[in-house]
>>> print(open('work.txt').read())   # compact mmCIF, C-alpha atoms and all ligand atoms
# COMPACT_ATOMS: atom_id res chain seq x y z
CA MET A 1 0.00 0.00 0.00
CA SER A 2 1.25 3.47 -0.70
CA GLN A 3 0.30 6.63 1.05
CA SER A 4 -0.86 9.29 -1.39
CA ILE A 5 -0.21 12.97 -1.11
CA ASP A 6 -2.97 15.54 -0.96
CA TYR A 7 -2.31 18.25 -3.54
CA THR A 8 -5.51 20.15 -2.81
CA GLU A 9 -3.87 21.45 0.36
CA ARG A 10 -1.94 24.72 0.24
CA ILE A 11 1.02 22.72 1.47
CA PRO A 12 0.92 19.23 -0.05
CA ASN A 13 1.72 16.72 2.64
CA ASN A 14 1.29 13.22 3.95
CA VAL A 15 1.57 14.18 7.61
CA ASP A 16 -2.10 15.13 8.12
CA LEU A 17 -1.40 18.84 8.44
CA ALA A 18 -5.14 19.50 8.26
CA GLY A 19 -5.45 17.62 11.54
CA ASP A 20 -3.22 20.11 13.36
CA ARG A 21 -4.54 23.61 12.72
CA ARG A 22 -1.85 25.41 14.72
CA LEU A 23 0.97 23.74 12.88
CA GLN A 24 -0.78 24.20 9.56
CA ARG A 25 -1.21 27.92 10.21
CA ALA A 26 2.40 28.31 11.31
CA LEU A 27 3.68 26.62 8.15
CA GLU A 28 1.27 28.58 5.97
CA ALA A 29 2.69 31.74 7.53
CA TRP A 30 6.23 30.60 6.69
CA GLN A 31 5.28 29.71 3.11
CA PRO A 32 5.23 33.29 1.67
CA ALA A 33 8.67 33.94 3.16
CA PHE A 34 9.92 30.81 1.42
CA LEU A 35 8.37 31.85 -1.90
CA ASN A 36 9.95 35.31 -1.58
CA TRP A 37 13.27 33.68 -0.90
CA TRP A 38 12.83 31.44 -3.97
CA ALA A 39 12.02 34.47 -6.15
CA GLU A 40 15.01 36.43 -4.86
CA MET A 41 17.59 33.71 -4.33
CA GLY A 42 16.39 30.87 -6.57
CA PRO A 43 17.19 30.37 -10.27
CA THR A 44 17.74 33.66 -12.12
CA LEU A 45 16.60 32.20 -15.43
CA ASP A 46 12.90 32.20 -16.33
CA THR A 47 11.59 28.74 -15.57
CA SER A 48 8.05 28.81 -16.99
CA ASP A 49 8.57 26.09 -19.62
CA VAL A 50 10.51 23.64 -17.52
CA TYR A 51 8.74 20.43 -16.54
CA LEU A 52 9.84 18.65 -13.41
CA ARG A 53 9.03 15.52 -11.51
CA THR A 54 7.24 15.91 -8.23
CA ALA A 55 6.44 13.28 -5.65
CA VAL A 56 2.86 12.04 -5.73
CA ALA A 57 3.02 9.08 -3.40
CA VAL A 58 5.26 7.58 -0.77
CA GLY A 59 5.29 3.81 -0.68
CA ARG A 60 6.09 1.48 2.18
CA GLU A 61 8.28 -0.64 -0.10
CA GLY A 62 10.56 2.28 -0.65
CA TRP A 63 9.14 3.68 -3.86
CA ALA A 64 8.24 7.26 -4.48
CA HIS A 65 6.03 7.88 -7.50
CA PHE A 66 6.61 10.99 -9.50
CA ASP A 67 4.67 12.99 -12.04
CA HIS A 68 5.59 16.01 -14.18
CA VAL A 69 4.55 19.61 -13.56
CA ALA A 70 5.68 22.97 -14.92
CA LEU A 71 8.05 24.68 -12.51
CA PRO A 72 5.79 27.66 -11.68
CA GLU A 73 3.16 25.14 -10.56
CA TYR A 74 5.64 23.19 -8.52
CA ARG A 75 4.35 22.77 -4.97
CA TRP A 76 6.84 22.25 -2.23
CA GLY A 77 5.46 19.88 0.34
CA VAL A 78 6.12 17.84 3.42
CA PHE A 79 6.59 14.13 2.80
CA LEU A 80 7.69 11.52 5.27
CA SER A 81 8.23 7.86 4.57
CA GLU A 82 5.62 5.65 6.15
CA ARG A 83 5.93 4.79 9.79
CA ASP A 84 7.22 1.41 10.83
CA GLN A 85 5.24 0.66 13.99
CA GLU A 86 7.82 -1.89 15.09
CA ARG A 87 10.89 0.29 14.71
CA LYS A 88 13.30 0.15 17.66
CA ILE A 89 16.29 2.27 18.60
CA ALA A 90 19.31 0.58 17.03
CA PHE A 91 22.13 1.63 19.35
CA GLY A 92 23.20 3.74 22.31
CA ALA A 93 21.87 3.97 25.85
CA SER A 94 18.25 3.36 24.76
CA LYS A 95 19.02 0.50 22.35
CA GLY A 96 16.09 -1.85 21.83
CA GLU A 97 13.44 0.59 23.09
CA ASP A 98 10.69 2.01 20.87
CA VAL A 99 11.86 4.92 18.74
CA TRP A 100 10.79 8.38 19.93
CA GLN A 101 7.78 10.08 18.39
CA GLN A 102 8.53 13.21 20.42
CA VAL A 103 11.84 14.86 21.21
CA PRO A 104 13.20 13.77 24.61
CA GLY A 105 14.13 16.80 26.73
CA GLU A 106 17.71 15.68 27.29
CA TYR A 107 18.49 15.54 23.55
CA ARG A 108 16.43 18.52 22.48
CA ALA A 109 19.27 20.99 21.95
CA GLU A 110 21.44 18.51 20.03
CA LEU A 111 18.60 17.36 17.79
CA GLN A 112 17.56 20.91 17.04
CA ARG A 113 21.14 21.81 16.14
CA LEU A 114 21.46 18.82 13.78
CA ILE A 115 18.22 19.72 12.03
CA VAL A 116 19.18 23.38 11.69
CA ILE A 117 22.58 22.51 10.19
CA GLN A 118 21.01 20.06 7.72
CA GLY A 119 18.30 22.59 6.88
CA ASP A 120 20.85 25.34 6.31
CA THR A 121 22.69 23.43 3.57
CA GLU A 122 19.56 22.88 1.44
CA PRO A 123 18.71 26.48 0.45
CA ALA A 124 22.43 27.32 0.46
CA SER A 125 23.06 25.09 -2.56
CA VAL A 126 20.17 26.71 -4.45
CA GLU A 127 21.78 30.09 -3.77
CA GLN A 128 25.16 28.83 -4.92
CA GLN A 129 23.70 27.53 -8.19
CA ARG A 130 21.29 30.33 -9.01
CA ARG A 131 23.10 31.67 -12.06
CA LEU A 132 23.97 28.35 -13.70
CA GLY A 133 20.78 28.33 -15.75
CA LEU A 134 22.24 31.16 -17.83
CA THR A 135 25.09 28.95 -19.07
CA ALA A 136 23.42 25.52 -19.24
CA PRO A 137 25.16 23.30 -21.83
CA SER A 138 21.80 21.84 -22.93
CA LEU A 139 18.10 21.69 -22.12
CA TYR A 140 18.72 18.30 -20.52
CA ASP A 141 21.24 19.85 -18.14
CA LEU A 142 18.93 22.78 -17.41
CA ARG A 143 16.15 20.42 -16.39
CA ASN A 144 18.47 18.49 -14.16
CA LEU A 145 19.66 21.70 -12.52
CA PHE A 146 16.14 22.88 -11.76
CA GLN A 147 15.13 19.43 -10.58
CA VAL A 148 17.98 19.44 -8.10
CA ASN A 149 17.14 23.01 -7.05
CA VAL A 150 13.44 22.39 -6.36
CA GLU A 151 14.27 19.26 -4.40
CA GLU A 152 16.82 21.09 -2.26
CA GLY A 153 14.04 23.61 -1.66
CA ARG A 154 11.81 20.74 -0.58
CA HIS A 155 14.51 19.45 1.73
CA LEU A 156 14.43 22.83 3.41
CA TRP A 157 10.68 22.32 3.87
CA ALA A 158 11.38 18.93 5.37
CA MET A 159 13.60 20.42 8.07
CA VAL A 160 11.31 23.40 8.64
CA TYR A 161 8.41 21.03 9.21
CA LEU A 162 10.38 19.27 11.96
CA LEU A 163 11.38 22.56 13.56
CA HIS A 164 7.79 23.83 13.55
CA ALA A 165 6.19 20.57 14.62
CA TYR A 166 8.56 19.54 17.41
CA PHE A 167 10.65 22.47 18.64
CA GLY A 168 8.12 25.16 19.57
CA ARG A 169 8.96 28.84 19.58
CA GLU A 170 12.70 28.26 19.20
CA GLY A 171 12.09 25.97 16.25
CA ARG A 172 9.98 28.61 14.52
CA ASP A 173 12.71 31.21 15.05
CA GLU A 174 15.29 28.84 13.60
CA ALA A 175 13.01 28.21 10.59
CA ASP A 176 12.88 31.97 9.96
CA ALA A 177 16.66 32.23 10.28
CA LEU A 178 17.11 29.58 7.55
CA LEU A 179 15.82 32.13 5.05
CA ILE A 180 17.82 35.01 6.49
CA ARG A 181 21.28 33.47 6.23
CA ASN A 182 22.59 33.43 2.65
CA SER A 183 25.43 31.69 0.89
CA GLY A 184 28.51 33.91 0.84
CA SER A 185 26.85 36.72 2.80
CA GLU A 186 29.24 38.92 4.81
CA ASP A 187 26.81 39.52 7.67
CA SER A 188 24.91 36.25 7.87
CA PRO A 189 26.65 33.45 5.95
CA ARG A 190 25.51 29.85 5.79
CA ILE A 191 26.69 27.68 8.69
CA LEU A 192 29.09 25.35 6.84
CA GLY A 193 32.04 26.76 4.91
CA ALA A 194 31.52 24.68 1.75
CA PHE A 195 28.09 26.27 1.32
CA ASN A 196 29.53 29.76 1.19
CA GLU A 197 31.76 28.97 -1.80
CA GLU A 198 30.59 29.89 -5.26
CA THR A 199 29.48 27.36 -7.85
CA PRO A 200 30.38 29.54 -10.83
CA ASP A 201 30.40 27.02 -13.69
CA TRP A 202 29.03 23.63 -14.71
CA LEU A 203 32.17 21.69 -13.96
CA SER A 204 31.86 22.99 -10.38
CA PHE A 205 28.19 22.01 -10.39
CA PHE A 206 28.96 18.46 -11.52
CA MET A 207 31.68 18.25 -8.87
CA PHE A 208 29.22 19.57 -6.31
CA THR A 209 26.59 16.98 -7.19
CA TYR A 210 29.29 14.29 -7.36
CA PHE A 211 31.04 14.99 -4.06
CA THR A 212 28.93 17.29 -1.88
CA ASP A 213 25.68 15.47 -2.61
CA ARG A 214 27.50 12.21 -1.89
CA ASP A 215 28.59 13.62 1.43
CA GLY A 216 24.97 14.69 1.92
CA LYS A 217 23.84 11.16 1.20
CA TYR A 218 25.96 9.78 4.05
CA GLN A 219 24.82 12.60 6.30
CA LEU A 220 21.17 11.77 5.56
CA GLY A 221 21.92 8.07 5.88
CA THR A 222 23.16 8.76 9.40
CA LEU A 223 20.17 10.91 10.33
CA LYS A 224 17.92 8.17 8.98
CA GLU A 225 19.19 5.99 11.83
CA SER A 226 18.05 8.59 14.36
CA ALA A 227 16.00 7.38 17.32
CA PHE A 228 13.80 10.43 16.74
CA ASP A 229 11.44 8.74 14.30
CA PRO A 230 10.06 11.78 12.41
CA LEU A 231 13.64 12.80 11.56
CA SER A 232 14.42 9.28 10.41
CA ARG A 233 11.35 9.11 8.18
CA THR A 234 11.99 12.55 6.70
CA CYS A 235 15.54 11.62 5.77
CA GLU A 236 14.48 8.30 4.30
CA PHE A 237 12.29 10.13 1.83
CA MET A 238 14.94 12.79 1.09
CA LEU A 239 17.39 10.03 0.18
CA LYS A 240 15.13 8.93 -2.66
CA GLU A 241 15.45 12.39 -4.20
CA GLU A 242 19.15 12.63 -3.42
CA ALA A 243 19.94 9.59 -5.58
CA HIS A 244 19.08 11.62 -8.67
CA HIS A 245 21.41 14.45 -7.61
CA MET A 246 24.34 12.08 -7.53
CA PHE A 247 23.31 10.67 -10.88
CA VAL A 248 23.55 14.21 -12.28
CA GLY A 249 27.06 14.54 -10.85
CA THR A 250 28.34 11.14 -11.96
CA THR A 251 27.01 11.32 -15.50
CA GLY A 252 28.01 14.98 -15.78
CA ILE A 253 31.64 14.29 -14.94
CA ASP A 254 31.58 11.18 -17.16
CA ARG A 255 30.51 13.29 -20.11
CA VAL A 256 33.15 15.96 -19.50
CA VAL A 257 35.97 13.43 -19.16
CA LYS A 258 34.81 11.51 -22.20
CA ARG A 259 34.79 14.65 -24.33
CA SER A 260 38.23 15.65 -23.06
CA THR A 261 39.77 12.33 -24.00
CA GLU A 262 38.07 12.40 -27.41
CA LEU A 263 39.59 15.79 -28.12
CA MET A 264 43.00 14.68 -26.84
CA ARG A 265 42.98 11.77 -29.23
CA GLU A 266 41.63 13.79 -32.11
CA HIS A 267 44.22 16.57 -31.76
CA GLN A 268 47.05 14.50 -30.28
CA THR A 269 47.57 16.96 -27.42
CA GLU A 270 46.68 17.49 -23.79
CA GLU A 271 46.13 21.20 -24.48
CA ILE A 272 42.53 20.87 -25.51
CA ALA A 273 41.20 24.22 -24.27
CA PRO A 274 41.67 25.84 -27.71
CA HIS A 275 39.52 23.02 -29.11
CA GLY A 276 36.68 23.67 -26.65
CA GLY A 277 37.57 20.96 -24.14
CA ILE A 278 38.50 20.99 -20.48
CA ALA A 279 42.04 19.71 -19.86
CA LEU A 280 42.29 16.69 -17.58
CA ASN A 281 44.52 18.55 -15.10
CA VAL A 282 41.72 21.11 -14.66
CA ILE A 283 39.20 18.35 -13.98
FE FE A 301 19.23 18.07 -0.13
FE FE A 302 21.09 17.08 -3.09
>>> encode(input="work.txt", output="structure tokens")
Amino acid sequence: MSQSIDYTERIPNNVDLAGDRRLQRALEAWQPAFLNWWAEMGPTLDTSDVYLRTAVAVGREGWAHFDHVALPEYRWGVFLSERDQERKIAFGASKGEDVWQQVPGEYRAELQRLIVIQGDTEPASVEQQRRLGLTAPSLYDLRNLFQVNVEEGRHLWAMVYLLHAYFGREGRDEADALLIRNSGSEDSPRILGAFNEETPDWLSFFMFTYFTDRDGKYQLGTLKESAFDPLSRTCEFMLKEEAHHMFVGTTGIDRVVKRSTELMREHQTEEIAPHGGIALNVI
């Protein structure tokens, strides 16, 4: 059985937002700030004709089903993998006990910090990549870029949901701050150094999706083991989207290297820049 997502809601979700009016209102109040941020800090290129996949169902067997929508109609939502009623804590002092559905007081600060740091990286990468649409090598690459960008935006939603739903006033303040910090900003930079670097060209983008998204995969894989079950379920779903980001990186670098070696053979030289290639020592 798969759990379908309600797209008639202002915020599509599979967490029964309608059943918690206070939370729903708080997230609906955050939504315009997010959309402003997307307009100001998201892709600079007009995106009206770009069709993207969006999650329409979350299955127990680990499958997310996707459908295509035009980017302006893209709806960022809150999707958690289905709950495993039997899930137990896998290690540590509470090993073997039921996983936590609420945040235990003694781990509250640490959990909040982890979620804020994860949440901070998601919009940061969108900011880093915002101008790449202007120099996309092909329509295929442009679509991949925007797909990655909207999903990083959704990952921000994923963390903001947790902050709003489980961390009270402080969580709401942290959710606001996620839109205030910006990549490379002098006054309020992103938390992690790598997310304040520029991603000025497509080789950097492919390297980012190859290495940084891979790092992100392990990070999410770790958080998926969390005893705090809502965090675990959120990360499980994010990992499904993350797989595509790494695909973009791997195949992107593959294509660049392949072209470089073709040009090297064709012109019998390693100096392929004059022939429109990227030299291997640059890669
Ligand atoms: Fe992400
Ligand atoms: Fe990613």
>>> residues_near_ligand(input="work.txt", ligand="ligand FE 301 (chain A)", cutoff="12 Å", atoms="all atoms listed in the file", output="count of residues only")
48
>>> closest_residue(input="work.txt", among="A:Gln129, A:Thr261, A:Thr269, A:Asn14", to="ligand FE 302 (chain A)", atoms="all atoms listed in the file")
A:Gln129
>>> atom_distance(input="work.txt", atom1="CA of Thr54 in chain A", atom2="CA of Glu73 in chain A")
10.4 Å
>>> axis_aligned_box(input="work.txt", around="range 196-200 of chain A", padding_each_side="3 Å", output="lines of an AutoDock Vina configuration file")
center_x = 30.6
center_y = 28.6
center_z = -4.8
size_x = 8.3
size_y = 8.5
size_z = 18.0
>>> closest_residue(input="work.txt", among="A:Ser138, A:Phe146, A:Arg130, A:Leu162", to="Glu198 in chain A", atoms="all atoms listed in the file")
A:Arg130
>>> closest_residue(input="work.txt", among="A:Asn13, A:Ser48, A:Asn144, A:Ser188", to="ligand FE 302 (chain A)", atoms="only C-alpha atoms and all ligand atoms")
A:Asn144
>>> atom_distance(input="work.txt", atom1="CA of Glu197 in chain A", atom2="CA of Gly184 in chain A")
6.5 Å
>>> decode(input="work.txt", residues="range 145-174 of chain A", atoms="N, CA and C atoms", output="PDB file, in the first residue's frame")
ATOM      1  N   LEU A 145      19.311  20.647 -13.483  1.00  0.00           N
ATOM      2  CA  LEU A 145      19.664  21.700 -12.522  1.00  0.00           C
ATOM      3  C   LEU A 145      18.429  22.117 -11.723  1.00  0.00           C
ATOM      4  N   PHE A 146      17.344  22.403 -12.449  1.00  0.00           N
ATOM      5  CA  PHE A 146      16.141  22.878 -11.758  1.00  0.00           C
ATOM      6  C   PHE A 146      15.522  21.778 -10.897  1.00  0.00           C
ATOM      7  N   GLN A 147      15.639  20.546 -11.386  1.00  0.00           N
ATOM      8  CA  GLN A 147      15.131  19.426 -10.582  1.00  0.00           C
ATOM      9  C   GLN A 147      15.874  19.358  -9.251  1.00  0.00           C
ATOM     10  N   VAL A 148      17.181  19.466  -9.326  1.00  0.00           N
ATOM     11  CA  VAL A 148      17.980  19.442  -8.101  1.00  0.00           C
ATOM     12  C   VAL A 148      17.582  20.635  -7.221  1.00  0.00           C
ATOM     13  N   ASN A 149      17.460  21.801  -7.830  1.00  0.00           N
ATOM     14  CA  ASN A 149      17.138  23.005  -7.053  1.00  0.00           C
ATOM     15  C   ASN A 149      15.797  22.904  -6.328  1.00  0.00           C
ATOM     16  N   VAL A 150      14.748  22.461  -7.035  1.00  0.00           N
ATOM     17  CA  VAL A 150      13.443  22.389  -6.355  1.00  0.00           C
ATOM     18  C   VAL A 150      13.471  21.354  -5.235  1.00  0.00           C
ATOM     19  N   GLU A 151      14.232  20.280  -5.454  1.00  0.00           N
ATOM     20  CA  GLU A 151      14.274  19.262  -4.401  1.00  0.00           C
ATOM     21  C   GLU A 151      15.062  19.742  -3.196  1.00  0.00           C
ATOM     22  N   GLU A 152      16.113  20.520  -3.414  1.00  0.00           N
ATOM     23  CA  GLU A 152      16.821  21.090  -2.263  1.00  0.00           C
ATOM     24  C   GLU A 152      15.874  22.040  -1.524  1.00  0.00           C
ATOM     25  N   GLY A 153      15.055  22.755  -2.289  1.00  0.00           N
ATOM     26  CA  GLY A 153      14.041  23.611  -1.655  1.00  0.00           C
ATOM     27  C   GLY A 153      13.074  22.777  -0.813  1.00  0.00           C
ATOM     28  N   ARG A 154      12.712  21.613  -1.339  1.00  0.00           N
ATOM     29  CA  ARG A 154      11.812  20.741  -0.580  1.00  0.00           C
ATOM     30  C   ARG A 154      12.496  20.175   0.664  1.00  0.00           C
ATOM     31  N   HIS A 155      13.782  19.926   0.550  1.00  0.00           N
ATOM     32  CA  HIS A 155      14.510  19.451   1.733  1.00  0.00           C
ATOM     33  C   HIS A 155      14.520  20.511   2.833  1.00  0.00           C
ATOM     34  N   LEU A 156      14.558  21.762   2.408  1.00  0.00           N
ATOM     35  CA  LEU A 156      14.428  22.835   3.406  1.00  0.00           C
ATOM     36  C   LEU A 156      13.065  22.717   4.094  1.00  0.00           C
ATOM     37  N   TRP A 157      12.019  22.521   3.296  1.00  0.00           N
ATOM     38  CA  TRP A 157      10.678  22.320   3.865  1.00  0.00           C
ATOM     39  C   TRP A 157      10.653  21.161   4.858  1.00  0.00           C
ATOM     40  N   ALA A 158      11.366  20.112   4.506  1.00  0.00           N
ATOM     41  CA  ALA A 158      11.384  18.931   5.374  1.00  0.00           C
ATOM     42  C   ALA A 158      11.920  19.282   6.758  1.00  0.00           C
ATOM     43  N   MET A 159      12.993  20.055   6.787  1.00  0.00           N
ATOM     44  CA  MET A 159      13.596  20.420   8.070  1.00  0.00           C
ATOM     45  C   MET A 159      12.743  21.459   8.803  1.00  0.00           C
ATOM     46  N   VAL A 160      12.158  22.365   8.029  1.00  0.00           N
ATOM     47  CA  VAL A 160      11.315  23.398   8.638  1.00  0.00           C
ATOM     48  C   VAL A 160      10.073  22.765   9.278  1.00  0.00           C
ATOM     49  N   TYR A 161       9.545  21.748   8.616  1.00  0.00           N
ATOM     50  CA  TYR A 161       8.412  21.034   9.212  1.00  0.00           C
ATOM     51  C   TYR A 161       8.799  20.486  10.595  1.00  0.00           C
ATOM     52  N   LEU A 162       9.954  19.839  10.674  1.00  0.00           N
ATOM     53  CA  LEU A 162      10.375  19.265  11.958  1.00  0.00           C
ATOM     54  C   LEU A 162      10.552  20.365  13.004  1.00  0.00           C
ATOM     55  N   LEU A 163      11.159  21.472  12.602  1.00  0.00           N
ATOM     56  CA  LEU A 163      11.385  22.565  13.557  1.00  0.00           C
ATOM     57  C   LEU A 163      10.052  23.107  14.073  1.00  0.00           C
ATOM     58  N   HIS A 164       9.099  23.300  13.159  1.00  0.00           N
ATOM     59  CA  HIS A 164       7.789  23.827  13.552  1.00  0.00           C
ATOM     60  C   HIS A 164       7.010  22.816  14.390  1.00  0.00           C
ATOM     61  N   ALA A 165       7.061  21.564  13.980  1.00  0.00           N
ATOM     62  CA  ALA A 165       6.189  20.574  14.616  1.00  0.00           C
ATOM     63  C   ALA A 165       6.702  20.133  15.986  1.00  0.00           C
ATOM     64  N   TYR A 166       8.026  20.172  16.185  1.00  0.00           N
ATOM     65  CA  TYR A 166       8.563  19.538  17.406  1.00  0.00           C
ATOM     66  C   TYR A 166       9.419  20.433  18.287  1.00  0.00           C
ATOM     67  N   PHE A 167       9.710  21.665  17.852  1.00  0.00           N
ATOM     68  CA  PHE A 167      10.650  22.475  18.636  1.00  0.00           C
ATOM     69  C   PHE A 167      10.095  23.831  19.072  1.00  0.00           C
ATOM     70  N   GLY A 168       8.771  23.972  19.006  1.00  0.00           N
ATOM     71  CA  GLY A 168       8.122  25.155  19.574  1.00  0.00           C
ATOM     72  C   GLY A 168       8.644  26.484  19.048  1.00  0.00           C
ATOM     73  N   ARG A 169       8.573  27.474  19.907  1.00  0.00           N
ATOM     74  CA  ARG A 169       8.956  28.843  19.578  1.00  0.00           C
ATOM     75  C   ARG A 169      10.374  28.913  18.982  1.00  0.00           C
ATOM     76  N   GLU A 170      11.303  28.251  19.669  1.00  0.00           N
ATOM     77  CA  GLU A 170      12.697  28.259  19.197  1.00  0.00           C
ATOM     78  C   GLU A 170      12.813  27.668  17.796  1.00  0.00           C
ATOM     79  N   GLY A 171      12.077  26.601  17.563  1.00  0.00           N
ATOM     80  CA  GLY A 171      12.093  25.970  16.249  1.00  0.00           C
ATOM     81  C   GLY A 171      11.575  26.919  15.182  1.00  0.00           C
ATOM     82  N   ARG A 172      10.527  27.652  15.502  1.00  0.00           N
ATOM     83  CA  ARG A 172       9.977  28.610  14.524  1.00  0.00           C
ATOM     84  C   ARG A 172      10.990  29.715  14.234  1.00  0.00           C
ATOM     85  N   ASP A 173      11.676  30.185  15.275  1.00  0.00           N
ATOM     86  CA  ASP A 173      12.707  31.212  15.055  1.00  0.00           C
ATOM     87  C   ASP A 173      13.828  30.681  14.174  1.00  0.00           C
ATOM     88  N   GLU A 174      14.220  29.437  14.426  1.00  0.00           N
ATOM     89  CA  GLU A 174      15.287  28.836  13.600  1.00  0.00           C
ATOM     90  C   GLU A 174      14.826  28.692  12.155  1.00  0.00           C
TER      91      GLU A 174
END
